[in-house]
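Trainee: Got model-v9.txt for you, compact mmCIF, C-alpha atoms:
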# COMPACT_ATOMS: atom_id res chain seq x y z
CA GLY V 17 0.00 0.00 0.00
CA GLY V 18 0.86 3.69 -0.19
CA GLY V 19 1.74 3.94 3.53
CA GLY V 20 4.25 1.12 3.30
CA ALA V 21 5.97 2.74 0.34
CA SER V 22 6.53 6.01 2.17
CA THR V 23 7.99 4.38 5.31
CA HIS V 24 10.18 2.25 3.05
CA SER V 25 11.61 5.32 1.30
CA GLU V 26 12.20 7.06 4.64
CA ALA V 27 14.10 4.01 5.87
CA ALA V 28 16.07 3.88 2.62
CA ALA V 29 17.07 7.51 3.01
CA ALA V 30 18.50 6.75 6.46
CA THR V 31 21.81 5.57 4.97
CA PRO V 32 23.78 7.99 2.77
CA ALA V 33 24.52 5.30 0.14
CA ALA V 34 20.85 4.36 -0.13
CA ALA V 35 19.89 8.04 -0.28
CA ALA V 36 22.31 8.55 -3.19
CA VAL V 37 20.83 5.58 -5.04
CA ALA V 38 17.31 6.88 -4.43
CA ALA V 39 18.34 10.34 -5.65
CA SER V 40 19.90 8.97 -8.83
CA ALA V 41 16.80 6.87 -9.49
CA GLY V 42 14.77 10.06 -9.02
CA ALA V 43 17.09 11.91 -11.41
CA GLY V 44 16.64 9.11 -13.97
CA GLY V 45 12.89 9.55 -13.67
CA VAL V 46 13.24 13.30 -14.20
CA LYS V 47 15.43 12.65 -17.27
CA ALA V 48 12.71 10.49 -18.80
CA GLU V 49 10.06 13.11 -17.94
CA LYS V 50 12.18 15.81 -19.60
CA ARG V 51 12.60 13.67 -22.73
CA ALA V 52 8.84 13.09 -22.92
CA LEU V 53 8.11 16.81 -22.46
CA ARG V 54 10.61 17.77 -25.19
CA LYS V 55 8.81 15.41 -27.58
CA GLU V 56 5.38 16.69 -26.60
CA VAL V 57 6.34 20.38 -27.02
CA ALA V 58 8.07 19.68 -30.37
CA ALA V 59 4.91 17.96 -31.66
CA THR V 60 2.74 20.93 -30.63
CA LEU V 61 5.16 23.52 -32.04
CA SER V 62 5.41 21.72 -35.39
CA LYS V 63 1.81 22.81 -36.08
CA LEU V 64 2.67 26.53 -35.76
CA SER V 65 2.74 28.56 -38.98
CA PRO V 66 5.67 30.95 -39.65
CA ASP V 67 3.17 33.84 -39.35
CA GLU V 68 2.09 32.68 -35.91
CA VAL V 69 5.74 32.34 -34.77
CA ARG V 70 6.40 35.89 -36.01
CA ARG V 71 3.30 37.30 -34.32
CA GLN V 72 4.04 35.64 -30.97
CA SER V 73 7.74 36.60 -31.17
CA GLU V 74 6.82 40.25 -31.70
CA ARG V 75 4.64 40.16 -28.58
CA VAL V 76 7.49 38.61 -26.58
CA VAL V 77 10.12 41.11 -27.82
CA ALA V 78 7.79 44.09 -27.13
CA GLN V 79 7.74 43.02 -23.45
CA VAL V 80 11.44 42.09 -23.20
CA VAL V 81 12.58 45.58 -24.27
CA THR V 82 10.67 47.13 -21.33
CA LEU V 83 12.51 45.05 -18.69
CA PRO V 84 14.85 47.13 -16.48
CA CYS V 85 18.04 45.21 -17.31
CA VAL V 86 17.41 45.46 -21.06
CA ARG V 87 16.47 49.13 -20.88
CA ASP V 88 19.47 49.95 -18.67
CA SER V 89 21.93 48.26 -21.06
CA SER V 90 21.57 51.17 -23.51
CA SER V 91 24.82 52.86 -22.47
CA GLY V 92 27.14 50.10 -23.72
CA GLY V 93 25.92 47.39 -21.37
CA ILE V 94 26.21 43.82 -22.69
CA VAL V 95 23.18 41.63 -23.41
CA SER V 96 23.57 37.98 -24.45
CA VAL V 97 21.06 36.93 -27.13
CA PHE V 98 20.71 33.58 -28.92
CA LEU V 99 20.32 33.58 -32.70
CA PRO V 100 17.13 31.82 -33.81
CA MET V 101 17.04 28.81 -36.09
CA VAL V 102 16.09 29.86 -39.63
CA GLY V 103 12.40 28.97 -40.03
CA GLY V 104 12.44 27.45 -36.52
CA GLN V 105 9.57 27.18 -34.06
CA GLU V 106 11.10 29.34 -31.32
CA VAL V 107 11.09 33.02 -30.40
CA ASN V 108 12.56 35.04 -33.27
CA THR V 109 15.13 37.28 -31.54
CA TRP V 110 16.11 39.38 -34.61
CA PRO V 111 13.74 42.29 -33.76
CA LEU V 112 15.23 42.33 -30.23
CA ILE V 113 18.78 42.37 -31.63
CA ALA V 114 17.85 45.31 -33.91
CA GLN V 115 16.41 47.21 -30.92
CA LEU V 116 19.52 46.51 -28.77
CA PHE V 117 21.90 47.86 -31.42
CA ALA V 118 19.60 50.85 -32.02
CA GLN V 119 19.66 51.79 -28.31
CA GLY V 120 23.44 51.50 -27.99
CA SER V 121 23.66 48.18 -26.13
CA ARG V 122 26.44 45.72 -26.94
CA VAL V 123 25.33 42.24 -28.05
CA VAL V 124 27.05 38.90 -27.49
CA VAL V 125 25.95 35.71 -29.25
CA PRO V 126 26.68 32.05 -28.44
CA LYS V 127 29.11 29.82 -30.29
CA VAL V 128 29.29 26.14 -29.34
CA VAL V 129 32.85 24.82 -29.66
CA GLY V 130 32.49 21.33 -28.18
CA LYS V 131 30.24 18.77 -26.50
CA LYS V 132 30.94 19.65 -22.83
CA ALA V 133 28.59 22.01 -20.97
CA GLU V 134 31.31 24.65 -20.67
CA ALA V 135 32.09 24.54 -24.42
CA MET V 136 29.97 27.56 -25.31
CA GLN V 137 31.54 30.96 -25.91
CA MET V 138 29.75 34.33 -25.98
CA LEU V 139 31.18 36.46 -28.76
CA LEU V 140 30.82 40.23 -29.08
CA ALA V 141 29.01 41.04 -32.33
CA PRO V 142 30.44 44.05 -34.23
CA SER V 143 27.10 44.98 -35.83
CA GLU V 144 23.62 43.75 -36.70
CA ARG V 145 24.67 43.66 -40.35
CA GLU V 146 27.55 41.25 -39.61
CA LEU V 147 25.22 39.05 -37.54
CA LYS V 148 22.70 38.94 -40.40
CA ALA V 149 25.50 37.87 -42.79
CA LEU V 150 26.56 34.84 -40.70
CA PRO V 151 26.47 31.38 -42.34
CA THR V 152 24.14 28.76 -40.83
CA ASP V 153 25.24 25.44 -39.33
CA SER V 154 23.73 21.98 -39.87
CA TRP V 155 20.89 22.92 -37.45
CA ASN V 156 20.12 25.99 -39.60
CA ILE V 157 21.31 28.29 -36.80
CA PRO V 158 23.46 31.32 -37.74
CA THR V 159 26.97 30.59 -36.43
CA VAL V 160 30.09 32.72 -36.00
CA PRO V 161 32.97 31.26 -38.08
CA LYS V 162 36.14 30.11 -36.25
CA ASP V 163 38.31 32.83 -37.74
CA ALA V 164 35.90 35.75 -37.18
CA GLY V 165 38.07 37.18 -34.40
CA TRP V 166 35.06 38.36 -32.37
CA GLU V 167 35.98 38.99 -28.72
CA ASP V 168 34.95 36.26 -26.26
CA GLN V 169 33.06 37.74 -23.31
CA THR V 170 32.21 34.41 -21.63
CA THR V 171 34.05 35.10 -18.37
CA SER V 172 34.54 38.88 -18.60
CA GLY V 173 31.81 39.47 -16.01
CA GLU V 174 30.45 42.25 -18.21
CA VAL V 175 27.35 40.43 -19.45
CA GLU V 176 24.47 41.96 -17.44
CA CYS V 177 21.52 40.35 -19.07
CA ILE V 178 21.08 36.88 -20.62
CA ILE V 179 18.22 36.05 -23.00
CA VAL V 180 17.86 32.30 -22.53
CA PRO V 181 16.37 29.93 -25.15
CA CYS V 182 14.16 27.10 -23.95
CA VAL V 183 12.12 24.09 -24.93
CA ALA V 184 9.61 24.91 -22.17
CA LEU V 185 9.18 27.30 -19.22
CA ASP V 186 6.66 27.26 -16.37
CA GLY V 187 4.97 29.81 -14.11
CA GLN V 188 7.61 29.25 -11.41
CA ARG V 189 10.33 30.31 -13.91
CA ARG V 190 11.72 26.77 -14.24
CA ARG V 191 13.30 25.97 -17.60
CA LEU V 192 13.56 22.90 -19.78
CA GLY V 193 16.48 23.24 -22.20
CA HIS V 194 17.82 20.86 -24.83
CA GLY V 195 19.74 18.93 -22.16
CA ARG V 196 23.30 19.91 -23.09
CA GLY V 197 23.81 22.22 -20.11
CA TYR V 198 25.45 25.00 -22.17
CA TYR V 199 23.32 27.80 -20.72
CA ASP V 200 23.39 26.52 -17.11
CA SER V 201 27.19 26.53 -17.35
CA PHE V 202 27.35 29.96 -19.00
CA ILE V 203 25.00 31.52 -16.41
CA GLN V 204 27.11 30.04 -13.59
CA ARG V 205 30.42 31.26 -15.07
CA THR V 206 29.01 34.74 -15.70
CA THR V 207 27.63 34.88 -12.14
CA ASP V 208 31.02 33.84 -10.69
CA ALA V 209 32.90 36.38 -12.85
CA ARG V 210 30.52 39.18 -11.83
CA LEU V 211 30.65 38.28 -8.12
CA ALA V 212 34.47 38.34 -8.33
CA ARG V 213 34.16 41.95 -9.54
CA GLY V 214 31.68 42.87 -6.81
CA LEU V 215 28.78 42.99 -9.29
CA PRO V 216 25.28 41.46 -8.94
CA PRO V 217 24.52 38.26 -10.88
CA PRO V 218 23.28 38.69 -14.46
CA THR V 219 19.51 38.89 -14.97
CA THR V 220 18.33 35.75 -16.78
CA ILE V 221 15.33 36.10 -19.08
CA GLY V 222 13.68 33.02 -20.56
CA VAL V 223 11.60 33.62 -23.69
CA ALA V 224 8.84 31.28 -24.85
CA LEU V 225 6.14 30.97 -27.47
CA GLU V 226 2.65 30.28 -26.09
CA ASP V 227 2.97 26.49 -26.53
CA GLN V 228 6.31 26.54 -24.69
CA PHE V 229 4.85 28.25 -21.62
CA LEU V 230 3.32 25.64 -19.30
CA GLY V 231 1.77 28.04 -16.77
CA GLU V 232 0.71 26.07 -13.67
CA ARG V 233 2.08 22.80 -15.01
CA ALA V 234 5.60 22.22 -13.68
CA VAL V 235 8.74 21.65 -15.74
CA PRO V 236 10.42 18.49 -14.32
CA THR V 237 13.62 19.55 -12.56
CA THR V 238 16.51 18.26 -10.45
CA ALA V 239 18.42 20.18 -7.77
CA HIS V 240 20.98 21.30 -10.40
CA ASP V 241 18.43 23.11 -12.58
CA LYS V 242 18.47 26.88 -12.16
CA VAL V 243 15.33 28.99 -11.87
CA LEU V 244 15.36 32.03 -14.17
CA ASP V 245 14.77 35.61 -12.98
CA VAL V 246 12.16 36.41 -15.62
CA VAL V 247 9.99 34.46 -18.04
CA VAL V 248 8.41 36.28 -20.98
CA HIS V 249 5.72 34.68 -23.17
CA PRO V 250 3.21 36.27 -25.56
CA GLY V 251 0.62 36.53 -22.78
CA GLY V 252 2.78 38.24 -20.15
CA VAL V 253 5.80 38.43 -17.88
CA VAL V 254 6.56 36.29 -14.82
CA ALA V 255 9.31 37.81 -12.67
CA SER V 256 10.84 37.45 -9.23
CA THR V 257 10.01 40.40 -6.97
CA GLU V 258 13.51 41.90 -6.98
CA THR V 259 13.69 41.74 -10.79
CA ARG V 260 10.32 43.44 -11.13
CA LEU V 261 11.59 46.23 -8.89
CA GLY V 262 14.68 46.64 -11.09
CA ARG V 263 17.31 44.87 -8.96
CA VAL V 264 19.99 45.40 -11.60
CA VAL V 265 20.64 49.11 -11.32
CA LYS V 266 23.80 50.71 -12.59
Any chance you could put this one into C-alpha cells?
Mentor:
Amino acid sequence: GGGGASTHSEAAAATPAAAAVAASAGAGGVKAEKRALRKEVAATLSKLSPDEVRRQSERVVAQVVTLPCVRDSSSGGIVSVFLPMVGGQEVNTWPLIAQLFAQGSRVVVPKVVGKKAEAMQMLLAPSERELKALPTDSWNIPTVPKDAGWEDQTTSGEVECIIVPCVALDGQRRRLGHGRGYYDSFIQRTTDARLARGLPPPTTIGVALEDQFLGERAVPTTAHDKVLDVVVHPGGVVASTETRLGRVVK
C-alpha cells in the first residue's frame, strides 16, 4: 500500500549510500520526464505557422525591451542573445537584436565549440549587419565562423543580461532546455565572474512561445536546474520580486 511505500523510502534515506541511489533513481525519472516533455512540445510547435511564430515573437520582444536590465543596457551594457534557427519554431530574436543595437547596447551571441557544458563561448558582435550575414550550421542556426576574431566575453563578467532559449518554461520560472547544459554553465560562469568583480549576478530572461509556456504545469527539474529571474511569453511576464523592482541598477 501507499503507507508502506513512504515508510520504506524514509528508511532507505537513512543511509547515505541508499539516499544517493534513491536520488539517482529520481534523477533518472526526471530525465525520462524531460525527454517526454521535449517530444510533446516539439509535436505541438510543429503545427505553428511561420506567421504565428512571427506574431508571438513580436509580442514577446515588445515586453522584453521594457525590462529594467534590457532598458538599462543602452549605455554600452552587454546583453547575451541567442540567434534563432532559420524557419524554426522558437522566439525570433532578430527584432530584439535590432532594438539593442539601435539603443546602444552591446550584443554577445553564443558559439558552441564542443560537447561539454562549458564549451559555449559568448562572442561580441560588431554589428547587426555582420550578424545577419553569418552562415548557418547543420541545425540551420546562424553561427560565427572560427576565424571571425570576435571577442569572447564568456568570463569577462560584463554580461548583465542573458536572454535564454528554452524548450519549455513554467509559471515558477523553471526551464527545460535541450539537455546539453550549455546555458546553465554559462550563467554560472558569468555569475562567478561578476561576483568576483563585486557585481550582482546577471539577470536571466527566458523567452517562450505560447505552446512553450506551461503556466501552472511544472517543468520536471533536479536540484541542479536553475530557476530564471524572468519568463516572458506572448501573454505576459513572470518575474521574481527583486527583478520586477529593477534589482539590476547601474
Trainee: Using all atoms listed in the file, which residues sit within 7 Å of Ala133 in chain V once same-chain residues fewer than 5 positions away are excluded, as a list in words?
Mentor: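 Selected residues are Arg196, Gly197, Tyr198 and Ser201 of chain V.
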Trainee: For the atom pair CA of Leu230 in chain V and CA of Gly193 in chain V, what is the interatomic distance in Å to one decimal place?
Mentor: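 Here the two named atoms are 13.7 Å from each other.
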Trainee: Using only C-alpha atoms, pick whichever of V:Ile179, V:Val57, V:Leu147, V:Val102 has the shortest atom-to-atom distance to Leu244 in chain V.
Mentor: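 Result for the nearest residue to Leu244 in chain V: V:Ile179.
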Trainee: Show me as a ChimeraX atom specification the residues that reach within 7 Å of (18.4, 35.2, -38.8), counting all atoms listed in the file and using the file's own coordinates.
Mentor: /V:99-100,102,110,148,158
Trainee: Go through V:Leu112, V:Ile94, V:Ala149, V:Arg70 one by one, measure the shortest atom-to-atom distance of each to Thr82 in chain V using all atoms listed in the file, and give the residue with the smallest value.
Mentor: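 For Thr82 in chain V, the nearest of the candidates is V:Leu112.
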Trainee: Residues within 9 Å of Thr237 in chain V, please, as a count of residues only. Count all atoms listed in the file; anything in the same chain fewer than 2 positions from it doesn't count.
Mentor: 13
Trainee: Quote the spacing between CA of Leu64 in chain V and CA of Glu226 in chain V in Å to one decimal place.
Mentor: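 Value for the CA of Leu64 in chain V-CA of Glu226 in chain V distance: 10.4 Å.
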Trainee: What separation in Å, quoted to one decimal, exists between CA of Val180 in chain V and CA of Val247 in chain V?
Mentor: 9.3 Å
Trainee: For each of V:Lys55, V:His249, V:Arg122, V:Arg189, take the minimum atom-to-atom distance to Leu225 in chain V, counting all atoms listed in the file, then give the residue where this is smallest.
Mentor: V:His249
Trainee: Go through V:Ala78, V:Leu61, V:Ile157, V:Val175 and flag the residue nearest Phe98 in chain V, using only C-alpha atoms for the distances.
Mentor: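 Smallest separation from Phe98 in chain V among the options: V:Ile157.
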Trainee: Could you list, as a PyMOL selection string, every residue within 8 Å of Glu232 in chain V, counting all atoms listed in the file and ignoring same-chain residues fewer than 5 positions away?
Mentor: chain V and resi 186-188
Trainee: So which residues fall inside 8 Å of (27.3, 37.4, -27.0) if we count all atoms listed in the file? Mind giving them as a CSV table (one decimal) with C-alpha atoms, in the coordinates of the input?
Mentor:
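Dumped everything to part_36.csv:
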chain,number,residue,atom,x,y,z
V,94,ILE,CA,26.2,43.8,-22.7
V,95,VAL,CA,23.2,41.6,-23.4
V,96,SER,CA,23.6,38.0,-24.4
V,97,VAL,CA,21.1,36.9,-27.1
V,98,PHE,CA,20.7,33.6,-28.9
V,123,VAL,CA,25.3,42.2,-28.0
V,124,VAL,CA,27.0,38.9,-27.5
V,125,VAL,CA,26.0,35.7,-29.2
V,126,PRO,CA,26.7,32.0,-28.4
V,137,GLN,CA,31.5,31.0,-25.9
V,138,MET,CA,29.8,34.3,-26.0
V,139,LEU,CA,31.2,36.5,-28.8
V,140,LEU,CA,30.8,40.2,-29.1
V,141,ALA,CA,29.0,41.0,-32.3
V,168,ASP,CA,35.0,36.3,-26.3
V,169,GLN,CA,33.1,37.7,-23.3
V,170,THR,CA,32.2,34.4,-21.6
Trainee: Is there a way to complete range 70-104 of chain V with N, CA and C atoms and then write that out as a PDB file, keeping the file's coordinate frame?
Mentor:
ATOM      1  N   ARG V  70       6.020  34.475 -35.902  1.00  0.00           N
ATOM      2  CA  ARG V  70       6.400  35.890 -36.010  1.00  0.00           C
ATOM      3  C   ARG V  70       5.543  36.764 -35.092  1.00  0.00           C
ATOM      4  N   ARG V  71       4.242  36.507 -35.127  1.00  0.00           N
ATOM      5  CA  ARG V  71       3.300  37.300 -34.320  1.00  0.00           C
ATOM      6  C   ARG V  71       3.593  37.151 -32.815  1.00  0.00           C
ATOM      7  N   GLN V  72       3.759  35.890 -32.383  1.00  0.00           N
ATOM      8  CA  GLN V  72       4.040  35.640 -30.970  1.00  0.00           C
ATOM      9  C   GLN V  72       5.400  36.206 -30.564  1.00  0.00           C
ATOM     10  N   SER V  73       6.392  36.084 -31.465  1.00  0.00           N
ATOM     11  CA  SER V  73       7.740  36.600 -31.170  1.00  0.00           C
ATOM     12  C   SER V  73       7.706  38.108 -30.975  1.00  0.00           C
ATOM     13  N   GLU V  74       6.927  38.792 -31.811  1.00  0.00           N
ATOM     14  CA  GLU V  74       6.820  40.250 -31.700  1.00  0.00           C
ATOM     15  C   GLU V  74       6.236  40.647 -30.344  1.00  0.00           C
ATOM     16  N   ARG V  75       5.249  39.864 -29.880  1.00  0.00           N
ATOM     17  CA  ARG V  75       4.640  40.160 -28.580  1.00  0.00           C
ATOM     18  C   ARG V  75       5.629  39.919 -27.440  1.00  0.00           C
ATOM     19  N   VAL V  76       6.475  38.896 -27.595  1.00  0.00           N
ATOM     20  CA  VAL V  76       7.490  38.610 -26.580  1.00  0.00           C
ATOM     21  C   VAL V  76       8.536  39.738 -26.551  1.00  0.00           C
ATOM     22  N   VAL V  77       9.061  40.090 -27.724  1.00  0.00           N
ATOM     23  CA  VAL V  77      10.120  41.110 -27.820  1.00  0.00           C
ATOM     24  C   VAL V  77       9.617  42.461 -27.283  1.00  0.00           C
ATOM     25  N   ALA V  78       8.362  42.813 -27.597  1.00  0.00           N
ATOM     26  CA  ALA V  78       7.790  44.090 -27.130  1.00  0.00           C
ATOM     27  C   ALA V  78       7.827  44.173 -25.598  1.00  0.00           C
ATOM     28  N   GLN V  79       7.698  43.032 -24.919  1.00  0.00           N
ATOM     29  CA  GLN V  79       7.740  43.020 -23.450  1.00  0.00           C
ATOM     30  C   GLN V  79       9.179  42.962 -22.937  1.00  0.00           C
ATOM     31  N   VAL V  80      10.040  42.222 -23.631  1.00  0.00           N
ATOM     32  CA  VAL V  80      11.440  42.090 -23.200  1.00  0.00           C
ATOM     33  C   VAL V  80      12.124  43.463 -23.176  1.00  0.00           C
ATOM     34  N   VAL V  81      11.877  44.292 -24.189  1.00  0.00           N
ATOM     35  CA  VAL V  81      12.580  45.580 -24.270  1.00  0.00           C
ATOM     36  C   VAL V  81      12.181  46.553 -23.153  1.00  0.00           C
ATOM     37  N   THR V  82      11.077  46.257 -22.440  1.00  0.00           N
ATOM     38  CA  THR V  82      10.670  47.130 -21.330  1.00  0.00           C
ATOM     39  C   THR V  82      11.281  46.708 -20.000  1.00  0.00           C
ATOM     40  N   LEU V  83      11.940  45.539 -19.951  1.00  0.00           N
ATOM     41  CA  LEU V  83      12.510  45.050 -18.690  1.00  0.00           C
ATOM     42  C   LEU V  83      13.690  45.938 -18.266  1.00  0.00           C
ATOM     43  N   PRO V  84      13.804  46.220 -16.952  1.00  0.00           N
ATOM     44  CA  PRO V  84      14.850  47.130 -16.480  1.00  0.00           C
ATOM     45  C   PRO V  84      16.253  46.792 -16.992  1.00  0.00           C
ATOM     46  N   CYS V  85      16.650  45.521 -16.934  1.00  0.00           N
ATOM     47  CA  CYS V  85      18.040  45.210 -17.310  1.00  0.00           C
ATOM     48  C   CYS V  85      18.284  45.427 -18.800  1.00  0.00           C
ATOM     49  N   VAL V  86      17.265  45.239 -19.618  1.00  0.00           N
ATOM     50  CA  VAL V  86      17.410  45.460 -21.060  1.00  0.00           C
ATOM     51  C   VAL V  86      17.432  46.960 -21.349  1.00  0.00           C
ATOM     52  N   ARG V  87      16.513  47.675 -20.719  1.00  0.00           N
ATOM     53  CA  ARG V  87      16.470  49.130 -20.880  1.00  0.00           C
ATOM     54  C   ARG V  87      17.772  49.780 -20.423  1.00  0.00           C
ATOM     55  N   ASP V  88      18.279  49.332 -19.270  1.00  0.00           N
ATOM     56  CA  ASP V  88      19.470  49.950 -18.670  1.00  0.00           C
ATOM     57  C   ASP V  88      20.767  49.584 -19.386  1.00  0.00           C
ATOM     58  N   SER V  89      20.703  48.657 -20.342  1.00  0.00           N
ATOM     59  CA  SER V  89      21.930  48.260 -21.060  1.00  0.00           C
ATOM     60  C   SER V  89      22.255  49.237 -22.187  1.00  0.00           C
ATOM     61  N   SER V  90      21.442  50.299 -22.326  1.00  0.00           N
ATOM     62  CA  SER V  90      21.570  51.170 -23.510  1.00  0.00           C
ATOM     63  C   SER V  90      22.863  51.975 -23.567  1.00  0.00           C
ATOM     64  N   SER V  91      23.567  52.090 -22.430  1.00  0.00           N
ATOM     65  CA  SER V  91      24.820  52.860 -22.470  1.00  0.00           C
ATOM     66  C   SER V  91      26.028  51.926 -22.546  1.00  0.00           C
ATOM     67  N   GLY V  92      25.995  51.004 -23.519  1.00  0.00           N
ATOM     68  CA  GLY V  92      27.140  50.100 -23.720  1.00  0.00           C
ATOM     69  C   GLY V  92      27.131  48.853 -22.864  1.00  0.00           C
ATOM     70  N   GLY V  93      26.032  48.621 -22.140  1.00  0.00           N
ATOM     71  CA  GLY V  93      25.920  47.390 -21.370  1.00  0.00           C
ATOM     72  C   GLY V  93      25.820  46.188 -22.307  1.00  0.00           C
ATOM     73  N   ILE V  94      26.197  45.007 -21.813  1.00  0.00           N
ATOM     74  CA  ILE V  94      26.210  43.820 -22.690  1.00  0.00           C
ATOM     75  C   ILE V  94      25.013  42.907 -22.409  1.00  0.00           C
ATOM     76  N   VAL V  95      24.305  42.568 -23.484  1.00  0.00           N
ATOM     77  CA  VAL V  95      23.180  41.630 -23.410  1.00  0.00           C
ATOM     78  C   VAL V  95      23.533  40.409 -24.269  1.00  0.00           C
ATOM     79  N   SER V  96      23.341  39.223 -23.698  1.00  0.00           N
ATOM     80  CA  SER V  96      23.570  37.980 -24.450  1.00  0.00           C
ATOM     81  C   SER V  96      22.246  37.543 -25.080  1.00  0.00           C
ATOM     82  N   VAL V  97      22.272  37.321 -26.399  1.00  0.00           N
ATOM     83  CA  VAL V  97      21.060  36.930 -27.130  1.00  0.00           C
ATOM     84  C   VAL V  97      21.376  35.728 -28.026  1.00  0.00           C
ATOM     85  N   PHE V  98      20.518  34.716 -27.998  1.00  0.00           N
ATOM     86  CA  PHE V  98      20.710  33.580 -28.920  1.00  0.00           C
ATOM     87  C   PHE V  98      20.185  33.952 -30.297  1.00  0.00           C
ATOM     88  N   LEU V  99      20.779  33.346 -31.318  1.00  0.00           N
ATOM     89  CA  LEU V  99      20.320  33.580 -32.700  1.00  0.00           C
ATOM     90  C   LEU V  99      19.327  32.482 -33.062  1.00  0.00           C
ATOM     91  N   PRO V 100      18.155  32.838 -33.568  1.00  0.00           N
ATOM     92  CA  PRO V 100      17.130  31.820 -33.810  1.00  0.00           C
ATOM     93  C   PRO V 100      17.431  30.952 -35.035  1.00  0.00           C
ATOM     94  N   MET V 101      16.942  29.737 -34.961  1.00  0.00           N
ATOM     95  CA  MET V 101      17.040  28.810 -36.090  1.00  0.00           C
ATOM     96  C   MET V 101      16.232  29.391 -37.257  1.00  0.00           C
ATOM     97  N   VAL V 102      16.797  29.343 -38.450  1.00  0.00           N
ATOM     98  CA  VAL V 102      16.090  29.860 -39.630  1.00  0.00           C
ATOM     99  C   VAL V 102      14.820  29.022 -39.843  1.00  0.00           C
ATOM    100  N   GLY V 103      13.669  29.678 -39.848  1.00  0.00           N
ATOM    101  CA  GLY V 103      12.400  28.970 -40.030  1.00  0.00           C
ATOM    102  C   GLY V 103      12.010  28.091 -38.853  1.00  0.00           C
ATOM    103  N   GLY V 104      12.668  28.312 -37.699  1.00  0.00           N
ATOM    104  CA  GLY V 104      12.440  27.450 -36.520  1.00  0.00           C
ATOM    105  C   GLY V 104      11.193  27.840 -35.743  1.00  0.00           C
TER     106      GLY V 104
END
